[in-house]
$ cat work00.cif   # mmCIF, C-alpha atoms and all ligand atoms
data_input
loop_
_atom_site.label_atom_id
_atom_site.label_comp_id
_atom_site.auth_asym_id
_atom_site.auth_seq_id
_atom_site.Cartn_x
_atom_site.Cartn_y
_atom_site.Cartn_z
CA MET F 1 -10.84 -0.31 9.14
CA CYS F 2 -9.87 -3.88 9.59
CA ARG F 3 -9.88 -6.27 6.65
CA HIS F 4 -11.05 -9.86 6.83
CA LEU F 5 -11.65 -12.94 4.69
CA ALA F 6 -13.12 -16.41 4.84
CA TYR F 7 -12.57 -19.33 2.49
CA LEU F 8 -14.29 -22.71 2.11
CA GLY F 9 -13.20 -25.11 -0.60
CA PRO F 10 -10.50 -27.55 -1.61
CA PRO F 11 -7.59 -27.39 0.85
CA ARG F 12 -5.10 -24.63 0.10
CA SER F 13 -2.11 -23.38 2.01
CA LEU F 14 -2.63 -20.44 4.34
CA ALA F 15 0.02 -18.64 2.30
CA GLU F 16 -2.00 -19.09 -0.91
CA LEU F 17 -5.02 -17.58 0.79
CA VAL F 18 -3.54 -14.84 2.97
CA LEU F 19 -0.06 -13.92 1.74
CA ASP F 20 0.50 -14.72 -1.93
CA PRO F 21 -2.32 -13.17 -4.03
CA PRO F 22 -1.56 -9.83 -5.70
CA HIS F 23 -3.99 -7.99 -3.38
CA SER F 24 -3.72 -10.43 -0.48
CA LEU F 25 -4.70 -9.72 3.08
CA LEU F 26 -0.99 -9.12 3.58
CA ARG F 27 -1.08 -6.31 1.02
CA GLN F 28 -4.39 -5.04 2.40
CA SER F 29 -2.69 -4.70 5.80
CA TRP F 30 -0.47 -1.90 4.49
CA ALA F 31 -2.17 -0.79 1.26
CA PRO F 32 -5.94 -1.32 1.50
CA ARG F 33 -7.88 0.02 -1.48
CA ASP F 34 -11.00 0.91 0.46
CA SER F 35 -10.38 2.64 3.75
CA ARG F 36 -13.82 4.07 4.46
CA GLY F 37 -14.28 4.55 8.19
CA GLY F 38 -10.72 5.81 8.57
CA GLY F 39 -7.40 4.14 9.32
CA ALA F 40 -4.95 3.75 6.48
CA LEU F 41 -2.97 0.85 7.97
CA ASN F 42 -4.04 -2.44 9.49
CA ALA F 43 -0.97 -2.83 11.66
CA ASP F 44 -2.36 -3.50 15.16
CA GLY F 45 -2.15 -7.25 14.79
CA PHE F 46 -3.78 -10.05 12.90
CA GLY F 47 -5.31 -13.44 13.38
CA VAL F 48 -5.81 -16.53 11.27
CA GLY F 49 -8.11 -19.39 12.22
CA TRP F 50 -8.35 -22.60 10.26
CA PHE F 51 -9.85 -26.08 10.48
CA PRO F 52 -6.98 -28.59 10.27
CA THR F 53 -9.45 -31.44 9.65
CA PRO F 54 -13.03 -31.34 8.36
CA ASP F 55 -14.46 -32.69 11.63
CA GLY F 56 -12.23 -31.19 14.31
CA PRO F 57 -12.19 -27.78 15.99
CA PRO F 58 -10.40 -24.78 14.49
CA VAL F 59 -7.00 -23.56 15.62
CA ARG F 60 -5.79 -19.96 15.70
CA HIS F 61 -2.69 -17.86 15.43
CA ARG F 62 -3.10 -14.31 16.80
CA THR F 63 -0.58 -11.61 17.56
CA THR F 64 -0.26 -7.84 17.87
CA SER F 65 2.50 -7.87 15.23
CA PRO F 66 1.61 -6.55 11.79
CA LEU F 67 1.07 -9.38 9.33
CA TRP F 68 4.12 -8.31 7.32
CA SER F 69 6.47 -8.65 10.29
CA ASP F 70 5.55 -12.13 11.55
CA VAL F 71 8.16 -14.27 9.81
CA GLY F 72 7.18 -17.30 11.91
CA PHE F 73 3.65 -17.15 10.52
CA ALA F 74 4.96 -16.92 6.95
CA GLU F 75 6.88 -20.19 7.42
CA LEU F 76 3.92 -21.89 9.05
CA ALA F 77 1.53 -20.61 6.37
CA ALA F 78 3.57 -22.08 3.54
CA VAL F 79 3.12 -25.64 4.84
CA THR F 80 -0.29 -25.47 6.55
CA ARG F 81 -3.24 -26.42 4.37
CA SER F 82 -6.91 -26.14 5.12
CA GLY F 83 -10.26 -26.17 3.38
CA ALA F 84 -11.82 -23.71 5.82
CA VAL F 85 -10.06 -20.50 6.88
CA LEU F 86 -10.97 -17.13 8.42
CA ALA F 87 -8.36 -14.38 8.73
CA SER F 88 -8.30 -10.75 9.80
CA VAL F 89 -5.87 -7.84 9.96
CA ARG F 90 -6.61 -5.20 12.60
CA SER F 91 -6.62 -1.44 12.81
CA ALA F 92 -7.59 -0.91 16.45
CA THR F 93 -10.46 1.49 17.00
CA VAL F 94 -9.38 4.50 19.09
CA GLY F 95 -9.75 3.63 22.77
CA MET F 96 -9.62 -0.13 22.23
CA PRO F 97 -6.62 -2.08 23.57
CA VAL F 98 -3.86 -3.33 21.30
CA VAL F 99 -3.57 -6.87 22.64
CA ALA F 100 -3.59 -10.26 20.94
CA THR F 101 -6.88 -11.18 22.62
CA ALA F 102 -8.58 -8.27 20.82
CA CYS F 103 -7.55 -9.67 17.42
CA ALA F 104 -10.08 -11.70 15.47
CA PRO F 105 -10.89 -14.47 15.00
CA PHE F 106 -12.78 -15.00 18.21
CA THR F 107 -13.72 -18.62 18.71
CA ASP F 108 -15.90 -20.97 20.75
CA ASP F 109 -17.95 -24.08 20.00
CA GLY F 110 -16.26 -24.60 16.62
CA TRP F 111 -17.03 -21.10 15.27
CA LEU F 112 -14.62 -18.42 14.05
CA PHE F 113 -15.80 -14.79 14.13
CA ALA F 114 -14.44 -11.43 12.97
CA HIS F 115 -15.72 -7.83 13.02
CA ASN F 116 -14.74 -5.00 10.69
CA GLY F 117 -16.07 -1.71 12.04
CA ALA F 118 -16.75 -0.02 15.35
CA VAL F 119 -19.55 0.34 17.86
CA ARG F 120 -20.10 4.05 18.14
CA GLY F 121 -20.50 5.32 21.71
CA TRP F 122 -18.69 2.31 23.20
CA PRO F 123 -19.28 1.15 25.87
CA ASP F 124 -22.30 3.15 27.04
CA SER F 125 -24.29 2.69 23.84
CA VAL F 126 -24.37 -1.08 24.23
CA ALA F 127 -24.47 -1.31 28.03
CA ARG F 128 -28.12 -2.37 27.91
CA LEU F 129 -27.23 -5.31 25.65
CA ALA F 130 -24.23 -6.30 27.77
CA GLU F 131 -26.42 -6.28 30.88
CA GLN F 132 -28.57 -9.01 29.32
CA LEU F 133 -25.64 -11.41 29.46
CA PRO F 134 -25.20 -13.49 32.61
CA VAL F 135 -22.15 -12.31 34.50
CA THR F 136 -20.56 -15.76 34.05
CA GLU F 137 -20.68 -15.18 30.29
CA LEU F 138 -19.59 -11.55 30.52
CA LEU F 139 -16.50 -12.63 32.48
CA THR F 140 -15.38 -14.74 29.52
CA ILE F 141 -14.88 -11.61 27.38
CA GLU F 142 -11.40 -11.81 25.90
CA ALA F 143 -10.68 -8.08 25.79
CA PRO F 144 -12.55 -4.91 26.81
CA MET F 145 -13.56 -3.93 23.30
CA ASP F 146 -16.51 -3.89 20.93
CA SER F 147 -15.77 -6.94 18.76
CA ALA F 148 -15.29 -9.18 21.80
CA LEU F 149 -18.67 -8.12 23.19
CA LEU F 150 -20.32 -8.69 19.80
CA TRP F 151 -18.89 -12.21 19.90
CA LEU F 152 -20.44 -12.91 23.33
CA LEU F 153 -23.84 -11.68 22.13
CA LEU F 154 -23.62 -13.74 18.95
CA ARG F 155 -22.32 -16.82 20.77
CA ARG F 156 -25.31 -16.72 23.08
CA GLU F 157 -27.69 -16.77 20.11
CA LEU F 158 -25.80 -19.60 18.41
CA ARG F 159 -25.91 -21.64 21.63
CA LYS F 160 -29.70 -21.27 21.60
CA GLY F 161 -29.70 -22.96 18.20
CA THR F 162 -30.52 -19.85 16.17
CA GLU F 163 -29.52 -20.20 12.51
CA PRO F 164 -26.20 -18.41 11.98
CA GLY F 165 -27.59 -16.05 9.32
CA ASP F 166 -30.54 -15.10 11.53
CA ALA F 167 -28.26 -14.62 14.53
CA LEU F 168 -25.86 -12.39 12.60
CA ALA F 169 -28.59 -10.30 10.98
CA SER F 170 -30.45 -9.83 14.22
CA LEU F 171 -27.27 -8.80 16.03
CA VAL F 172 -26.42 -6.16 13.43
CA LEU F 173 -29.88 -4.62 13.47
CA THR F 174 -30.09 -4.66 17.26
CA VAL F 175 -26.66 -3.08 17.76
CA ALA F 176 -27.27 -0.53 14.99
CA ALA F 177 -30.47 0.53 16.76
CA GLU F 178 -28.72 0.87 20.13
CA ALA F 179 -25.60 2.54 18.75
CA PRO F 180 -26.56 4.56 15.66
CA GLY F 181 -23.62 4.99 13.35
CA ALA F 182 -22.11 1.64 14.34
CA ARG F 183 -20.12 -0.03 11.55
CA LEU F 184 -20.83 -3.73 11.57
CA ASN F 185 -19.28 -5.91 8.88
CA LEU F 186 -19.37 -9.28 10.64
CA LEU F 187 -17.94 -12.60 9.41
CA LEU F 188 -18.61 -16.05 10.86
CA THR F 189 -17.82 -19.62 9.85
CA ASN F 190 -17.97 -23.12 11.29
CA GLY F 191 -16.07 -24.64 8.36
CA GLU F 192 -19.28 -25.61 6.56
CA VAL F 193 -21.06 -22.30 6.11
CA VAL F 194 -19.88 -18.69 5.98
CA VAL F 195 -22.21 -15.89 6.98
CA ALA F 196 -21.31 -12.23 6.75
CA THR F 197 -22.88 -8.79 6.87
CA THR F 198 -22.23 -5.48 5.19
CA TRP F 199 -23.03 -2.48 7.37
CA THR F 200 -20.90 0.40 6.05
CA HIS F 201 -17.70 -1.37 4.98
CA SER F 202 -16.80 -3.10 1.71
CA LEU F 203 -17.16 -6.84 1.05
CA SER F 204 -16.84 -9.05 -2.03
CA VAL F 205 -17.61 -12.69 -2.77
CA LEU F 206 -16.13 -15.18 -5.23
CA ALA F 207 -17.84 -18.53 -5.75
CA GLY F 208 -17.37 -21.49 -8.06
CA ARG F 209 -15.64 -24.86 -8.53
CA GLY F 210 -16.66 -26.05 -5.08
CA SER F 211 -15.26 -23.08 -3.24
CA VAL F 212 -16.39 -19.76 -1.87
CA ALA F 213 -14.41 -16.76 -0.71
CA VAL F 214 -15.76 -13.76 1.19
CA SER F 215 -13.31 -10.91 1.55
CA SER F 216 -13.29 -7.22 2.47
CA GLU F 217 -11.47 -6.60 -0.83
CA PRO F 218 -11.00 -8.93 -3.83
CA TRP F 219 -7.57 -10.50 -3.40
CA ASP F 220 -6.93 -10.88 -7.13
CA ASP F 221 -8.25 -9.57 -10.46
CA ASP F 222 -10.62 -12.48 -11.15
CA PRO F 223 -13.62 -10.83 -12.87
CA ALA F 224 -15.96 -13.19 -11.02
CA TRP F 225 -15.60 -11.29 -7.72
CA ARG F 226 -18.93 -9.64 -6.89
CA ALA F 227 -19.26 -6.64 -4.58
CA VAL F 228 -21.88 -7.14 -1.86
CA PRO F 229 -24.21 -4.12 -1.56
CA ASP F 230 -24.34 -2.34 1.79
CA GLN F 231 -26.76 -3.58 4.47
CA HIS F 232 -26.84 -7.15 3.23
CA LEU F 233 -26.47 -10.60 4.71
CA VAL F 234 -24.29 -13.16 2.88
CA VAL F 235 -25.02 -16.86 3.42
CA ALA F 236 -22.52 -19.06 1.59
CA ASP F 237 -21.20 -22.58 1.46
CA ARG F 238 -19.11 -24.60 -0.99
CA SER F 239 -22.07 -24.86 -3.36
CA GLY F 240 -23.00 -21.19 -3.65
CA VAL F 241 -23.84 -17.79 -2.23
CA GLU F 242 -27.09 -16.10 -1.26
CA LEU F 243 -27.45 -12.38 -0.57
CA HIS F 244 -30.36 -11.00 1.45
CA PRO F 245 -31.13 -7.37 2.30
CA LEU F 246 -30.89 -6.82 6.07
CA ALA F 247 -34.62 -6.42 6.53
CA PRO F 248 -36.49 -5.33 9.65
CA ARG F 249 -37.75 -8.90 10.16
CA TRP F 250 -34.44 -9.54 11.89
CA GLY F 251 -34.69 -6.41 13.98
CA GLY F 252 -36.25 -7.80 17.14
CA PRO F 253 -34.52 -7.72 20.47
CA ILE F 254 -31.91 -10.42 20.87
N1 LIG F 301 -13.43 -2.13 16.54
C1 LIG F 301 -12.67 -3.29 16.17
C2 LIG F 301 -11.30 -3.29 16.81
O1 LIG F 301 -10.91 -2.37 17.46
C3 LIG F 301 -12.54 -3.42 14.67
C4 LIG F 301 -11.66 -2.34 14.12
C5 LIG F 301 -11.73 -2.11 12.63
O2 LIG F 301 -12.52 -2.64 11.87
N2 LIG F 301 -10.87 -1.24 12.23
O3 LIG F 301 -10.60 -4.27 16.64
#
$ encode --input "work00.cif" --output "structure tokens" --more "lines below"
Ligand code: GLN
Amino acid sequence: MCRHLAYLGPPRSLAELVLDPPHSLLRQSWAPRDSRGGGALNADGFGVGWFPTPDGPPVRHRTTSPLWSDVGFAELAAVTRSGAVLASVRSATVGMPVVATACAPFTDDGWLFAHNGAVRGWPDSVARLAEQLPVTELLTIEAPMDSALLWLLLRRELRKGTEPGDALASLVLTVAAEAPGARLNLLLTNGEVVVATTWTHSLSVLAGRGSVAVSSEPWDDDPAWRAVPDQHLVVADRSGVELHPLAPRWGGPI
């Protein structure tokens, strides 16, 4: 399993969010507490995306190095502050390439996106969905792997103006129907809103004092962390969190 997190709130250093907490993403990369879906280590790379200013586009750092071995990132993270961050550590699904371009976050149009899970039966199970994309869009895929295709499908919906929660929910239900057994914890932010899904893997939220955190595992022992039930959509911003069951109303073709 991969592990991912998103944070919106008062600016904090990337180190405070990703490296320093007692059960940080750094720790989750080598000692995750919840490894359902297999994979005991998240050592096939990582990525961190953040918004350096409230109005500008996000920037990313991605690499195939394990998070614990990237000393350059640790130095950068100590002095880089942001009020909107999405980060992910990767355990590559068998058959998927171990390259930096396969590491989340994926980004376009001011969005950051991550996927924790796997599309069962890749690539045949989702060929019908991929065929719906214009070839000019398909050719922009960053890596030949499931998460990168999910990003193209989601990006297309977002470009149509679909609400991010609706786009995410509809994508999960469509892919789950095409590829039964798919594991689809998705995470998306534009720096103002965070939307996420639970579809097999763990996820927790922490909200309050003008901030919200969404994370595969709570990164500290704050009793205010709430576990998100499976098959739910999370819609969150700096003022609060809503949870919605992933209902069939989102299940139409995308
Ligand atoms: N299938 C995705 C990948 O290979 C996500 C993997 C995961 O969640 N372990 O990157």
$ residues_near_point --input "work00.cif" --point "(-0.8, -18.7, 9.7)" --cutoff "8 Å" --atoms "only C-alpha atoms" --output "compact mmCIF listing (two decimals) with C-alpha atoms, in the frame of the given file"
# COMPACT_ATOMS: atom_id res chain seq x y z
CA LEU F 14 -2.63 -20.44 4.34
CA ALA F 15 0.02 -18.64 2.30
CA GLY F 47 -5.31 -13.44 13.38
CA VAL F 48 -5.81 -16.53 11.27
CA GLY F 49 -8.11 -19.39 12.22
CA ARG F 60 -5.79 -19.96 15.70
CA HIS F 61 -2.69 -17.86 15.43
CA PHE F 73 3.65 -17.15 10.52
CA ALA F 74 4.96 -16.92 6.95
CA LEU F 76 3.92 -21.89 9.05
CA ALA F 77 1.53 -20.61 6.37
CA THR F 80 -0.29 -25.47 6.55
$ closest_residue --input "work00.cif" --among "F:Arg81, F:His232, F:Arg156, F:Arg90" --to "ligand LIG 301 (chain F)" --atoms "only C-alpha atoms and all ligand atoms"
F:Arg90
$ residues_near_ligand --input "work00.cif" --ligand "ligand LIG 301 (chain F)" --cutoff "6 Å" --atoms "all atoms listed in the file" --output "CSV table (one decimal) with C-alpha atoms, in the coordinates of the input"
chain,number,residue,atom,x,y,z
F,1,MET,CA,-10.8,-0.3,9.1
F,2,CYS,CA,-9.9,-3.9,9.6
F,90,ARG,CA,-6.6,-5.2,12.6
F,91,SER,CA,-6.6,-1.4,12.8
F,92,ALA,CA,-7.6,-0.9,16.4
F,93,THR,CA,-10.5,1.5,17.0
F,96,MET,CA,-9.6,-0.1,22.2
F,115,HIS,CA,-15.7,-7.8,13.0
F,116,ASN,CA,-14.7,-5.0,10.7
F,117,GLY,CA,-16.1,-1.7,12.0
F,118,ALA,CA,-16.8,0.0,15.4
F,146,ASP,CA,-16.5,-3.9,20.9
F,147,SER,CA,-15.8,-6.9,18.8
$ residues_around --input "work00.cif" --residues "range 202-210 of chain F" --least-positions-apart "4" --cutoff "10 Å" --atoms "only C-alpha atoms" --output "ChimeraX atom specification"
/F:1,3-10,33-36,116,185,196-198,214-219,222-230,232,234,236-241
$ atom_distance --input "work00.cif" --atom1 "CA of Pro97 in chain F" --atom2 "CA of Val194 in chain F"
27.6 Å
$ atom_distance --input "work00.cif" --atom1 "CA of Leu67 in chain F" --atom2 "CA of Thr200 in chain F"
24.3 Å
$ closest_residue --input "work00.cif" --among "F:Ser88, F:Ser24, F:Thr140, F:Ser82" --to "Leu186 in chain F" --atoms "only C-alpha atoms"
F:Ser88
$ closest_residue --input "work00.cif" --among "F:Leu41, F:Pro21, F:Thr162, F:Gly181" --to "Trp199 in chain F" --atoms "all atoms listed in the file"
F:Gly181
$ atom_distance --input "work00.cif" --atom1 "CA of Thr107 in chain F" --atom2 "CA of Thr189 in chain F"
9.8 Å
$ residues_around --input "work00.cif" --residues "Asn190 in chain F" --least-positions-apart "3" --cutoff "10 Å" --atoms "only C-alpha atoms" --output "JSON, numbers by chain"
{"F": [8, 50, 51, 57, 58, 84, 85, 86, 107, 108, 109, 110, 111, 112, 113, 164, 193, 194, 195]}
$ closest_residue --input "work00.cif" --among "F:Ile141, F:Val98, F:Leu129, F:Ala213" --to "Val18 in chain F" --atoms "only C-alpha atoms"
F:Ala213
$ residues_around --input "work00.cif" --residues "Ala127 in chain F" --least-positions-apart "5" --cutoff "12 Å" --atoms "only C-alpha atoms" --output "number ranges by chain"
F: 119, 121-122, 132-133, 138, 146, 149-150, 153, 175, 178-179
$ closest_residue --input "work00.cif" --among "F:Leu25, F:Val212, F:Ala169, F:Ala176" --to "Pro245 in chain F" --atoms "only C-alpha atoms"
F:Ala169
$ build_atoms --input "work00.cif" --residues "range 75-99 of chain F" --atoms "N, CA and C atoms" --output "short mmCIF file (atom, residue, chain, number, x, y, z; two decimals), keeping the file's coordinate frame"
data_model
loop_
_atom_site.label_atom_id
_atom_site.label_comp_id
_atom_site.auth_asym_id
_atom_site.auth_seq_id
_atom_site.Cartn_x
_atom_site.Cartn_y
_atom_site.Cartn_z
N GLU F 75 6.36 -18.82 7.60
CA GLU F 75 6.88 -20.19 7.42
C GLU F 75 5.80 -21.22 7.67
N LEU F 76 5.02 -20.99 8.73
CA LEU F 76 3.92 -21.89 9.05
C LEU F 76 2.89 -21.92 7.91
N ALA F 77 2.59 -20.73 7.38
CA ALA F 77 1.53 -20.61 6.37
C ALA F 77 1.88 -21.34 5.08
N ALA F 78 3.16 -21.42 4.79
CA ALA F 78 3.57 -22.08 3.54
C ALA F 78 3.28 -23.57 3.56
N VAL F 79 3.25 -24.17 4.76
CA VAL F 79 3.12 -25.64 4.84
C VAL F 79 1.82 -26.08 5.52
N THR F 80 0.97 -25.13 5.87
CA THR F 80 -0.29 -25.47 6.55
C THR F 80 -1.43 -25.34 5.55
N ARG F 81 -2.16 -26.43 5.36
CA ARG F 81 -3.24 -26.42 4.37
C ARG F 81 -4.57 -26.62 5.09
N SER F 82 -5.58 -25.99 4.54
CA SER F 82 -6.91 -26.14 5.12
C SER F 82 -7.97 -25.84 4.07
N GLY F 83 -9.13 -26.44 4.25
CA GLY F 83 -10.26 -26.17 3.38
C GLY F 83 -11.26 -25.23 4.01
N ALA F 84 -10.91 -24.65 5.14
CA ALA F 84 -11.82 -23.71 5.82
C ALA F 84 -10.99 -22.76 6.67
N VAL F 85 -10.97 -21.48 6.28
CA VAL F 85 -10.06 -20.50 6.88
C VAL F 85 -10.80 -19.18 7.09
N LEU F 86 -10.51 -18.51 8.21
CA LEU F 86 -10.97 -17.13 8.42
C LEU F 86 -9.77 -16.33 8.93
N ALA F 87 -9.53 -15.18 8.34
CA ALA F 87 -8.36 -14.38 8.73
C ALA F 87 -8.74 -12.91 8.78
N SER F 88 -7.99 -12.16 9.60
CA SER F 88 -8.30 -10.75 9.80
C SER F 88 -7.03 -9.97 10.10
N VAL F 89 -6.92 -8.77 9.55
CA VAL F 89 -5.87 -7.84 9.96
C VAL F 89 -6.55 -6.66 10.65
N ARG F 90 -5.91 -6.13 11.71
CA ARG F 90 -6.61 -5.20 12.60
C ARG F 90 -6.03 -3.79 12.57
N SER F 91 -6.93 -2.83 12.52
CA SER F 91 -6.62 -1.44 12.81
C SER F 91 -7.46 -1.10 14.04
N ALA F 92 -6.83 -1.06 15.20
CA ALA F 92 -7.59 -0.91 16.45
C ALA F 92 -8.39 0.39 16.44
N THR F 93 -9.64 0.30 16.82
CA THR F 93 -10.46 1.49 17.00
C THR F 93 -9.90 2.30 18.17
N VAL F 94 -9.92 3.63 18.02
CA VAL F 94 -9.38 4.50 19.09
C VAL F 94 -10.05 4.15 20.42
N GLY F 95 -9.22 3.96 21.44
CA GLY F 95 -9.75 3.63 22.77
C GLY F 95 -9.80 2.15 23.05
N MET F 96 -9.58 1.33 22.03
CA MET F 96 -9.62 -0.13 22.23
C MET F 96 -8.18 -0.63 22.42
N PRO F 97 -7.98 -1.64 23.26
CA PRO F 97 -6.62 -2.08 23.57
C PRO F 97 -5.94 -2.80 22.41
N VAL F 98 -4.64 -2.60 22.32
CA VAL F 98 -3.86 -3.33 21.30
C VAL F 98 -3.23 -4.53 22.00
N VAL F 99 -3.98 -5.61 22.02
CA VAL F 99 -3.57 -6.87 22.64
C VAL F 99 -3.98 -8.01 21.72
#
